[in-house]
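> Input structure: work-v4.csv, which contains CSV, C-alpha atoms.
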```csv
chain,number,residue,atom,x,y,z
D,1,PHE,CA,8.9,-14.7,14.0
D,2,GLY,CA,6.5,-17.0,12.1
D,3,GLN,CA,5.7,-18.9,15.3
D,4,ILE,CA,5.0,-15.7,17.2
D,5,LEU,CA,2.6,-14.5,14.4
D,6,GLY,CA,0.8,-17.9,14.5
D,7,LYS,CA,0.3,-17.7,18.3
D,8,VAL,CA,-0.6,-14.0,18.5
D,9,TYR,CA,-2.5,-13.4,15.3
D,10,GLY,CA,-3.7,-16.9,14.4
D,11,ARG,CA,-4.5,-18.8,17.6
D,12,LYS,CA,-4.7,-15.8,20.0
D,13,GLU,CA,-2.6,-17.6,22.6
D,14,LEU,CA,-1.4,-14.6,24.6
D,15,VAL,CA,-1.8,-12.7,27.8
D,16,THR,CA,0.3,-9.8,26.8
D,17,ALA,CA,2.3,-9.0,23.7
D,18,MET,CA,4.7,-6.5,22.3
D,19,MET,CA,4.6,-5.9,18.6
D,20,GLY,CA,6.7,-3.9,16.2
D,21,PHE,CA,5.8,-2.5,12.8
D,22,GLY,CA,7.9,-1.2,10.0
D,23,SER,CA,6.7,1.6,7.8
D,24,PRO,CA,6.0,0.3,4.3
D,25,GLU,CA,3.7,2.4,2.2
D,26,GLN,CA,0.5,0.5,3.0
D,27,ARG,CA,0.9,1.7,6.6
D,28,LEU,CA,1.2,5.4,6.0
D,29,ASP,CA,-2.6,6.0,6.1
D,30,PRO,CA,-4.0,6.3,9.6
D,31,ASP,CA,-6.5,3.6,8.7
D,32,PHE,CA,-3.9,0.9,9.3
D,33,TYR,CA,-3.3,1.8,13.0
D,34,LEU,CA,-7.0,2.3,13.7
D,35,ARG,CA,-9.2,-0.1,11.8
D,36,ALA,CA,-6.7,-2.8,10.7
D,37,ILE,CA,-5.2,-3.4,14.1
D,38,TYR,CA,-7.8,-2.4,16.7
D,39,SER,CA,-11.2,-2.8,15.0
D,40,THR,CA,-12.9,-6.2,15.6
D,41,VAL,CA,-13.0,-6.7,11.8
D,42,GLY,CA,-9.4,-5.6,11.3
D,43,ALA,CA,-6.9,-7.7,9.4
D,44,PHE,CA,-4.4,-7.5,12.2
D,45,TYR,CA,-6.9,-7.8,15.1
D,46,ALA,CA,-4.5,-9.1,17.8
D,47,PRO,CA,-5.3,-6.9,20.9
D,48,HIS,CA,-8.7,-8.5,21.5
D,49,TYR,CA,-10.0,-5.0,22.0
D,50,SER,CA,-13.8,-4.5,21.4
D,51,ASN,CA,-15.8,-1.3,21.6
D,52,PRO,CA,-18.8,-0.8,19.3
D,53,GLU,CA,-18.2,3.0,19.3
D,54,PHE,CA,-14.6,2.6,18.2
D,55,ASP,CA,-15.6,0.2,15.5
D,56,ARG,CA,-18.2,2.7,14.3
D,57,LEU,CA,-15.7,5.5,14.2
D,58,ALA,CA,-13.0,3.3,12.5
D,59,LYS,CA,-15.4,2.3,9.8
D,60,ALA,CA,-16.7,5.9,9.4
D,61,GLN,CA,-13.3,7.4,8.9
D,62,GLN,CA,-12.4,4.8,6.3
D,63,GLU,CA,-15.6,5.8,4.3
D,64,GLU,CA,-15.4,9.6,4.7
D,65,ILE,CA,-13.9,11.1,1.6
D,66,ASP,CA,-13.9,14.7,2.9
D,67,PRO,CA,-10.4,15.1,4.4
D,68,LYS,CA,-11.4,17.6,7.2
D,69,LYS,CA,-14.4,15.4,8.3
D,70,ARG,CA,-12.3,12.3,8.1
D,71,GLN,CA,-9.6,13.9,10.3
D,72,GLU,CA,-12.3,14.7,12.9
D,73,LEU,CA,-13.4,11.0,12.9
D,74,ILE,CA,-9.8,9.8,13.2
D,75,ASP,CA,-9.3,12.1,16.2
D,76,GLN,CA,-12.4,10.8,17.9
D,77,ALA,CA,-11.4,7.2,17.3
D,78,GLN,CA,-8.0,7.8,18.8
D,79,ARG,CA,-9.5,9.5,21.9
D,80,VAL,CA,-11.7,6.5,22.5
D,81,LEU,CA,-8.8,4.1,22.0
D,82,ALA,CA,-6.5,6.1,24.3
D,83,GLU,CA,-9.1,5.9,27.1
D,84,ASP,CA,-9.9,2.2,26.7
D,85,LEU,CA,-6.6,0.7,25.7
D,86,PRO,CA,-3.5,3.0,26.3
D,87,SER,CA,-0.5,2.1,24.2
D,88,TRP,CA,2.8,3.7,23.8
D,89,HIS,CA,5.9,3.7,21.7
D,90,VAL,CA,8.7,1.7,23.3
D,91,CYS,CA,11.7,1.9,21.0
D,92,SER,CA,12.8,2.2,17.4
D,93,ARG,CA,15.7,0.6,15.7
D,94,ASP,CA,18.2,2.8,13.7
D,95,ALA,CA,17.5,2.7,10.0
D,96,ILE,CA,21.0,3.1,8.6
D,97,ASN,CA,21.3,3.5,4.8
D,98,PRO,CA,24.9,4.3,3.8
D,99,VAL,CA,25.3,5.9,0.4
D,100,ASN,CA,28.5,6.1,-1.6
D,101,LYS,CA,28.4,9.8,-2.6
D,102,LYS,CA,31.5,9.4,-4.7
D,103,LEU,CA,29.4,7.3,-7.1
D,104,PHE,CA,25.9,9.0,-6.7
D,105,LYS,CA,24.7,12.4,-5.7
D,106,ASN,CA,21.3,14.0,-4.9
D,107,PHE,CA,20.6,11.5,-2.1
D,108,LYS,CA,17.2,12.5,-0.6
D,109,PRO,CA,15.8,10.1,2.0
D,110,SER,CA,12.0,9.9,2.1
D,111,LYS,CA,10.1,11.2,5.1
D,112,ALA,CA,9.4,8.2,7.4
D,113,LEU,CA,10.6,5.7,4.9
D,114,GLY,CA,14.3,6.4,4.2
D,115,LEU,CA,16.1,4.7,1.4
D,116,GLU,CA,15.2,1.1,2.3
D,117,VAL,CA,13.2,-1.2,0.1
D,118,TYR,CA,9.9,0.2,1.4
D,119,HIS,CA,10.1,3.1,-1.0
D,120,VAL,CA,11.1,3.6,-4.6
D,121,ALA,CA,11.2,7.5,-4.7
D,122,PRO,CA,14.8,8.1,-3.3
D,123,TYR,CA,16.3,5.9,-6.0
D,124,LEU,CA,14.6,7.9,-8.7
D,125,GLU,CA,16.3,11.1,-7.4
D,126,LEU,CA,19.9,9.6,-7.4
D,127,GLU,CA,22.2,11.1,-10.1
D,128,PRO,CA,25.5,9.5,-11.2
D,129,ALA,CA,28.5,11.5,-10.0
D,130,GLY,CA,30.7,9.8,-12.6
D,131,SER,CA,30.7,7.0,-15.1
D,132,VAL,CA,29.0,4.5,-12.9
D,133,ARG,CA,25.3,4.4,-13.7
D,134,GLU,CA,24.1,1.1,-12.1
D,135,VAL,CA,22.9,1.3,-8.5
D,136,ASN,CA,23.8,-1.8,-6.3
D,137,VAL,CA,22.0,-2.2,-3.1
D,138,ALA,CA,23.1,-4.5,-0.2
D,139,THR,CA,20.5,-5.7,2.2
D,140,THR,CA,20.1,-8.3,5.0
D,141,PHE,CA,16.6,-9.2,3.7
D,142,ARG,CA,15.7,-11.5,0.9
D,143,LEU,CA,12.6,-12.5,-1.1
D,144,SER,CA,10.7,-15.5,0.0
D,145,SER,CA,9.0,-15.4,-3.4
D,146,ALA,CA,9.3,-13.3,-6.5
D,147,HIS,CA,5.5,-13.6,-7.0
D,148,PRO,CA,3.5,-10.5,-6.2
D,149,PHE,CA,0.6,-12.5,-4.7
D,150,THR,CA,2.6,-15.0,-2.6
D,151,GLU,CA,5.5,-12.9,-1.2
D,152,ARG,CA,5.0,-12.9,2.6
D,153,SER,CA,7.4,-10.3,4.0
D,154,ALA,CA,7.0,-6.5,3.9
D,155,ASN,CA,10.6,-6.2,2.7
D,156,GLY,CA,10.0,-8.7,-0.1
D,157,ARG,CA,7.0,-6.8,-1.2
D,158,GLY,CA,9.1,-3.7,-1.1
D,159,TYR,CA,11.5,-5.2,-3.6
D,160,LEU,CA,8.6,-6.1,-5.9
D,161,ARG,CA,7.7,-2.4,-6.1
D,162,PHE,CA,10.8,-2.0,-8.3
D,163,ILE,CA,9.5,-4.6,-10.7
D,164,PHE,CA,5.7,-4.1,-10.8
D,165,ASP,CA,4.3,-0.6,-11.3
D,166,THR,CA,1.3,0.6,-9.3
D,167,PHE,CA,-1.3,3.2,-10.4
D,168,LEU,CA,-0.1,5.8,-8.0
D,169,ARG,CA,3.0,6.2,-5.8
D,170,TYR,CA,4.2,8.4,-2.9
D,171,ASP,CA,7.0,10.9,-3.6
D,172,GLY,CA,9.8,11.6,-1.1
D,173,ASP,CA,7.6,14.1,0.7
D,174,LEU,CA,4.8,11.5,1.0
D,175,ASN,CA,2.5,13.2,-1.5
D,176,LEU,CA,0.5,11.1,-3.9
D,177,MET,CA,2.0,11.2,-7.4
D,178,PRO,CA,0.8,9.8,-10.7
D,179,TRP,CA,2.6,6.6,-11.9
D,180,ALA,CA,1.0,4.0,-14.2
D,181,ALA,CA,-2.0,6.3,-14.0
D,182,GLU,CA,-1.1,9.8,-15.2
D,183,SER,CA,-4.2,11.1,-13.5
D,184,TYR,CA,-7.3,10.0,-11.5
D,185,LYS,CA,-10.5,11.7,-10.5
D,186,LEU,CA,-13.4,11.0,-8.2
D,187,VAL,CA,-16.5,11.0,-10.4
D,188,ASN,CA,-18.8,10.4,-7.4
D,189,PRO,CA,-18.4,8.9,-3.9
D,190,THR,CA,-18.2,5.4,-5.3
D,191,THR,CA,-16.6,5.8,-8.7
D,192,TYR,CA,-13.0,6.6,-9.7
D,193,GLU,CA,-11.7,7.1,-13.2
D,194,LEU,CA,-8.0,6.3,-13.9
D,195,LYS,CA,-6.3,7.6,-17.0
D,196,LEU,CA,-3.3,5.5,-18.0
D,197,ARG,CA,0.1,7.0,-18.9
D,198,SER,CA,0.7,6.8,-22.6
D,199,GLU,CA,3.5,4.8,-24.3
D,200,MET,CA,4.2,2.5,-21.4
D,201,LYS,CA,5.7,-0.9,-22.3
D,202,TRP,CA,6.1,-4.2,-20.6
D,203,HIS,CA,9.5,-5.8,-20.2
D,204,ASP,CA,8.9,-7.8,-23.4
D,205,GLY,CA,8.2,-4.7,-25.4
D,206,LYS,CA,4.5,-5.1,-25.7
D,207,PRO,CA,2.4,-1.9,-24.9
D,208,VAL,CA,0.6,-1.5,-21.6
D,209,THR,CA,-3.1,-1.1,-22.4
D,210,VAL,CA,-6.3,-0.3,-20.6
D,211,GLU,CA,-7.2,-4.0,-21.1
D,212,ASP,CA,-4.3,-4.8,-18.8
D,213,ALA,CA,-5.7,-2.4,-16.1
D,214,LYS,CA,-9.2,-4.0,-16.3
D,215,PHE,CA,-7.7,-7.5,-16.3
D,216,THR,CA,-5.8,-6.6,-13.1
D,217,PHE,CA,-8.9,-5.7,-11.2
D,218,ASP,CA,-10.9,-8.6,-12.6
D,219,TYR,CA,-8.1,-11.1,-11.7
D,220,LEU,CA,-7.9,-9.8,-8.1
D,221,LEU,CA,-11.6,-9.9,-7.7
D,222,LYS,CA,-11.8,-13.4,-8.9
D,223,TRP,CA,-8.9,-15.0,-7.1
D,224,LYS,CA,-8.7,-12.9,-4.0
D,225,PRO,CA,-5.0,-13.2,-3.0
D,226,PRO,CA,-5.0,-12.9,0.8
D,227,PHE,CA,-2.5,-10.0,1.1
D,228,TRP,CA,-4.3,-8.0,-1.5
D,229,GLU,CA,-7.8,-8.5,-0.1
D,230,SER,CA,-7.7,-5.5,2.1
D,231,PHE,CA,-6.7,-3.3,-0.9
D,232,MET,CA,-9.4,-4.8,-3.1
D,233,SER,CA,-12.2,-4.9,-0.5
D,234,PRO,CA,-13.6,-1.5,-1.6
D,235,VAL,CA,-13.8,-2.6,-5.2
D,236,LYS,CA,-17.0,-3.8,-6.9
D,237,SER,CA,-16.0,-3.8,-10.5
D,238,ALA,CA,-14.0,-2.2,-13.3
D,239,GLU,CA,-15.0,-1.1,-16.8
D,240,ILE,CA,-13.2,0.4,-19.8
D,241,VAL,CA,-14.3,3.9,-20.7
D,242,ASP,CA,-12.0,4.5,-23.6
D,243,SER,CA,-8.6,3.5,-24.9
D,244,SER,CA,-6.8,5.0,-22.0
D,245,THR,CA,-9.4,5.4,-19.2
D,246,LEU,CA,-10.6,2.8,-16.7
D,247,ARG,CA,-13.6,3.3,-14.4
D,248,VAL,CA,-13.5,1.6,-11.0
D,249,ASN,CA,-16.8,1.1,-9.2
D,250,LEU,CA,-16.6,0.8,-5.4
D,251,ASN,CA,-19.0,-1.0,-3.0
D,252,GLU,CA,-19.1,2.1,-0.8
D,253,PRO,CA,-17.2,5.3,-0.4
D,254,SER,CA,-13.5,4.7,0.5
D,255,ALA,CA,-11.0,7.3,1.6
D,256,THR,CA,-8.2,4.7,1.4
D,257,PHE,CA,-8.8,3.6,-2.2
D,258,ALA,CA,-6.5,6.3,-3.5
D,259,THR,CA,-4.1,6.5,-0.5
D,260,MET,CA,-3.7,2.7,-0.1
D,261,SER,CA,-5.3,0.6,-2.8
D,262,LEU,CA,-4.0,2.5,-5.9
D,263,VAL,CA,-0.5,2.8,-4.3
D,264,GLN,CA,-0.4,-1.0,-3.7
D,265,ILE,CA,-2.3,-2.6,-6.6
D,266,ALA,CA,0.2,-3.4,-9.3
D,267,ILE,CA,-0.9,-3.4,-12.9
D,268,LEU,CA,-0.5,-6.9,-14.5
D,269,PRO,CA,0.2,-7.9,-18.1
D,270,LYS,CA,-2.9,-9.6,-19.4
D,271,HIS,CA,-1.0,-11.5,-22.2
D,272,VAL,CA,1.1,-13.2,-19.6
D,273,TRP,CA,-1.3,-13.8,-16.7
D,274,GLU,CA,-4.5,-14.8,-18.5
```
Reformat the file's structure so that it appears as structure tokens.

Amino acid sequence: FGQILGKVYGRKELVTAMMGFGSPEQRLDPDFYLRAIYSTVGAFYAPHYSNPEFDRLAKAQQEEIDPKKRQELIDQAQRVLAEDLPSWHVCSRDAINPVNKKLFKNFKPSKALGLEVYHVAPYLELEPAGSVREVNVATTFRLSSAHPFTERSANGRGYLRFIFDTFLRYDGDLNLMPWAAESYKLVNPTTYELKLRSEMKWHDGKPVTVEDAKFTFDYLLKWKPPFWESFMSPVKSAEIVDSSTLRVNLNEPSATFATMSLVQIAILPKHVWE
């Protein structure tokens, strides 16, 4: 798999290619299958497709924060792509997630994501059916690294979602829900304010603070870990408003800052990482 990625994505040594994608959270937003894959500036630009009008629409939809207007731009981009470069779904593998209902009840698979490592929500809905309270999960995948900035696989990054908390998360119905941030608001097209949940603690018992939140953005802006770069690309700076509120300033309007960036950026403990 690594050799294929190197030839197709890295060296562009191909005449034709078939690619498959799983459905981790960072691919739920339409931006992934438009701008990231088919735009000439996309992170997964493998098809060698180039159309200035498509690039314009792909960028416009990513910056449009009005949902209705954004949907219209997405539809236009998809029509251009369908005429220029038809593609179609070939097959899907079965995603089988057996659950022992004698031990746990209230199993609710997430829409599009199931109970696999891509999504935390189903595990939060499980209830013990008896005395067993520890959930054991068997999987064919393993971590290549337990480090949030060096883990290469989508499955591995899924495991890390159970360890590092993000500001927002998707629930089982794929609605955005508060997580480390109990609320957020769009102050203006290029400014968000995040209010941290109170009484959170790190694994060592120290309190989670707004200083940790600011440190997270400062750290990612400084060191630019490759996988996180697409989630951080809209961000210009972060500043503390009060003891529980962080203001994030963007370079330009970004529809995906809430739907992708805040769902993927994990808050870091400043006292450990600095």
> Could you produce a table of the residues of range 159-182 of chain D lying within 10 Å of range 19-33 of chain D, with the nearest pair of atoms per residue and their separation in Å rounded to one decimal, using only C-alpha atoms, ordered by chain and increasing residue number, as JSON lines?

```
{"residue": "D:Arg169", "atom": "CA", "partner": "D:Glu25", "partner_atom": "CA", "distance": 8.9}
{"residue": "D:Tyr170", "atom": "CA", "partner": "D:Glu25", "partner_atom": "CA", "distance": 7.9}
{"residue": "D:Leu174", "atom": "CA", "partner": "D:Leu28", "partner_atom": "CA", "distance": 8.7}
```
> Within 7 Å of range 255-270 of chain D, counting only C-alpha atoms, which residues show up once you throw out same-chain ones fewer than 5 positions away? Write them as a list of chain:residue names, please.
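The filter keeps D:Gln26, D:Asp29, D:Gln62, D:Glu63, D:Glu64, D:Ile65, D:Phe164, D:Asp165, D:Thr166, D:Phe167, D:Leu168, D:Arg169, D:Asp212, D:Ala213, D:Phe215, D:Thr216, D:Phe231, D:Met232.
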> List every protein, DNA or RNA residue that has at least one atom no more than 9 Å from (-14.0, 7.5, 15.7) in the file's coordinates, counting all atoms listed in the file, and write the result as a PyMOL selection string.
chain D and resi 34+53-61+72-81
> From the options D:Pro67, D:Lys105, D:Ser237, D:Thr190, which residue's atoms come nearest to Pro253 in chain D, counting all atoms listed in the file?
D:Thr190
> Let me make sure I understand: among D:Leu221, D:Ile240, D:Met200, D:Leu160, which one has the smallest atom-to-atom distance to Val120 in chain D if we use only C-alpha atoms?
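Ranking D:Leu221, D:Ile240, D:Met200, D:Leu160 by distance to Val120 in chain D, first place goes to D:Leu160.
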> What residues have an atom no more than 7 Å from (-11.1, 13.2, -15.2) in the file's own frame, counting all atoms listed in the file, and can you write them as an NGL selection string?
:D and (184-185 or 193)
> Using all atoms listed in the file, which of D:His147, D:Lys214, D:Lys222, D:Lys12 sits nearest Ala238 in chain D?
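Result for the nearest residue to Ala238 in chain D: D:Lys214.
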> What's the separation between CA of Thr139 in chain D and CA of Trp228 in chain D, in Å to one decimal place?
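Interatomic distance, CA of Thr139 in chain D to CA of Trp228 in chain D: 25.2 Å.
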> Please determine, counting all atoms listed in the file, which residue among D:Leu124, D:Leu246, D:Val137, D:Ala154 has the shortest atom-to-atom distance to Ala180 in chain D.
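Ranking D:Leu124, D:Leu246, D:Val137, D:Ala154 by distance to Ala180 in chain D, first place goes to D:Leu246.
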> Find the residues near Val132 in chain D: any atom within 10 Å, counting all atoms listed in the file, skip ones fewer than 4 places away on the same chain, and give them as an MDAnalysis selection string.
chainID D and resid 102:104 127:128
> Rounded to one decimal, what separation in Å do you get between CA of Asn51 in chain D and CA of Ser87 in chain D?
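Taking CA of Asn51 in chain D as the start and CA of Ser87 in chain D as the end point, the length is 15.9 Å.
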> Grab the CA of Phe107 in chain D to CA of Arg142 in chain D distance for me, in Å with one decimal place.
23.7 Å
> Quick one: of D:Leu186, D:Val272, D:Leu14, D:Leu85, who's nearest to Asn249 in chain D, counting all atoms listed in the file?
D:Leu186
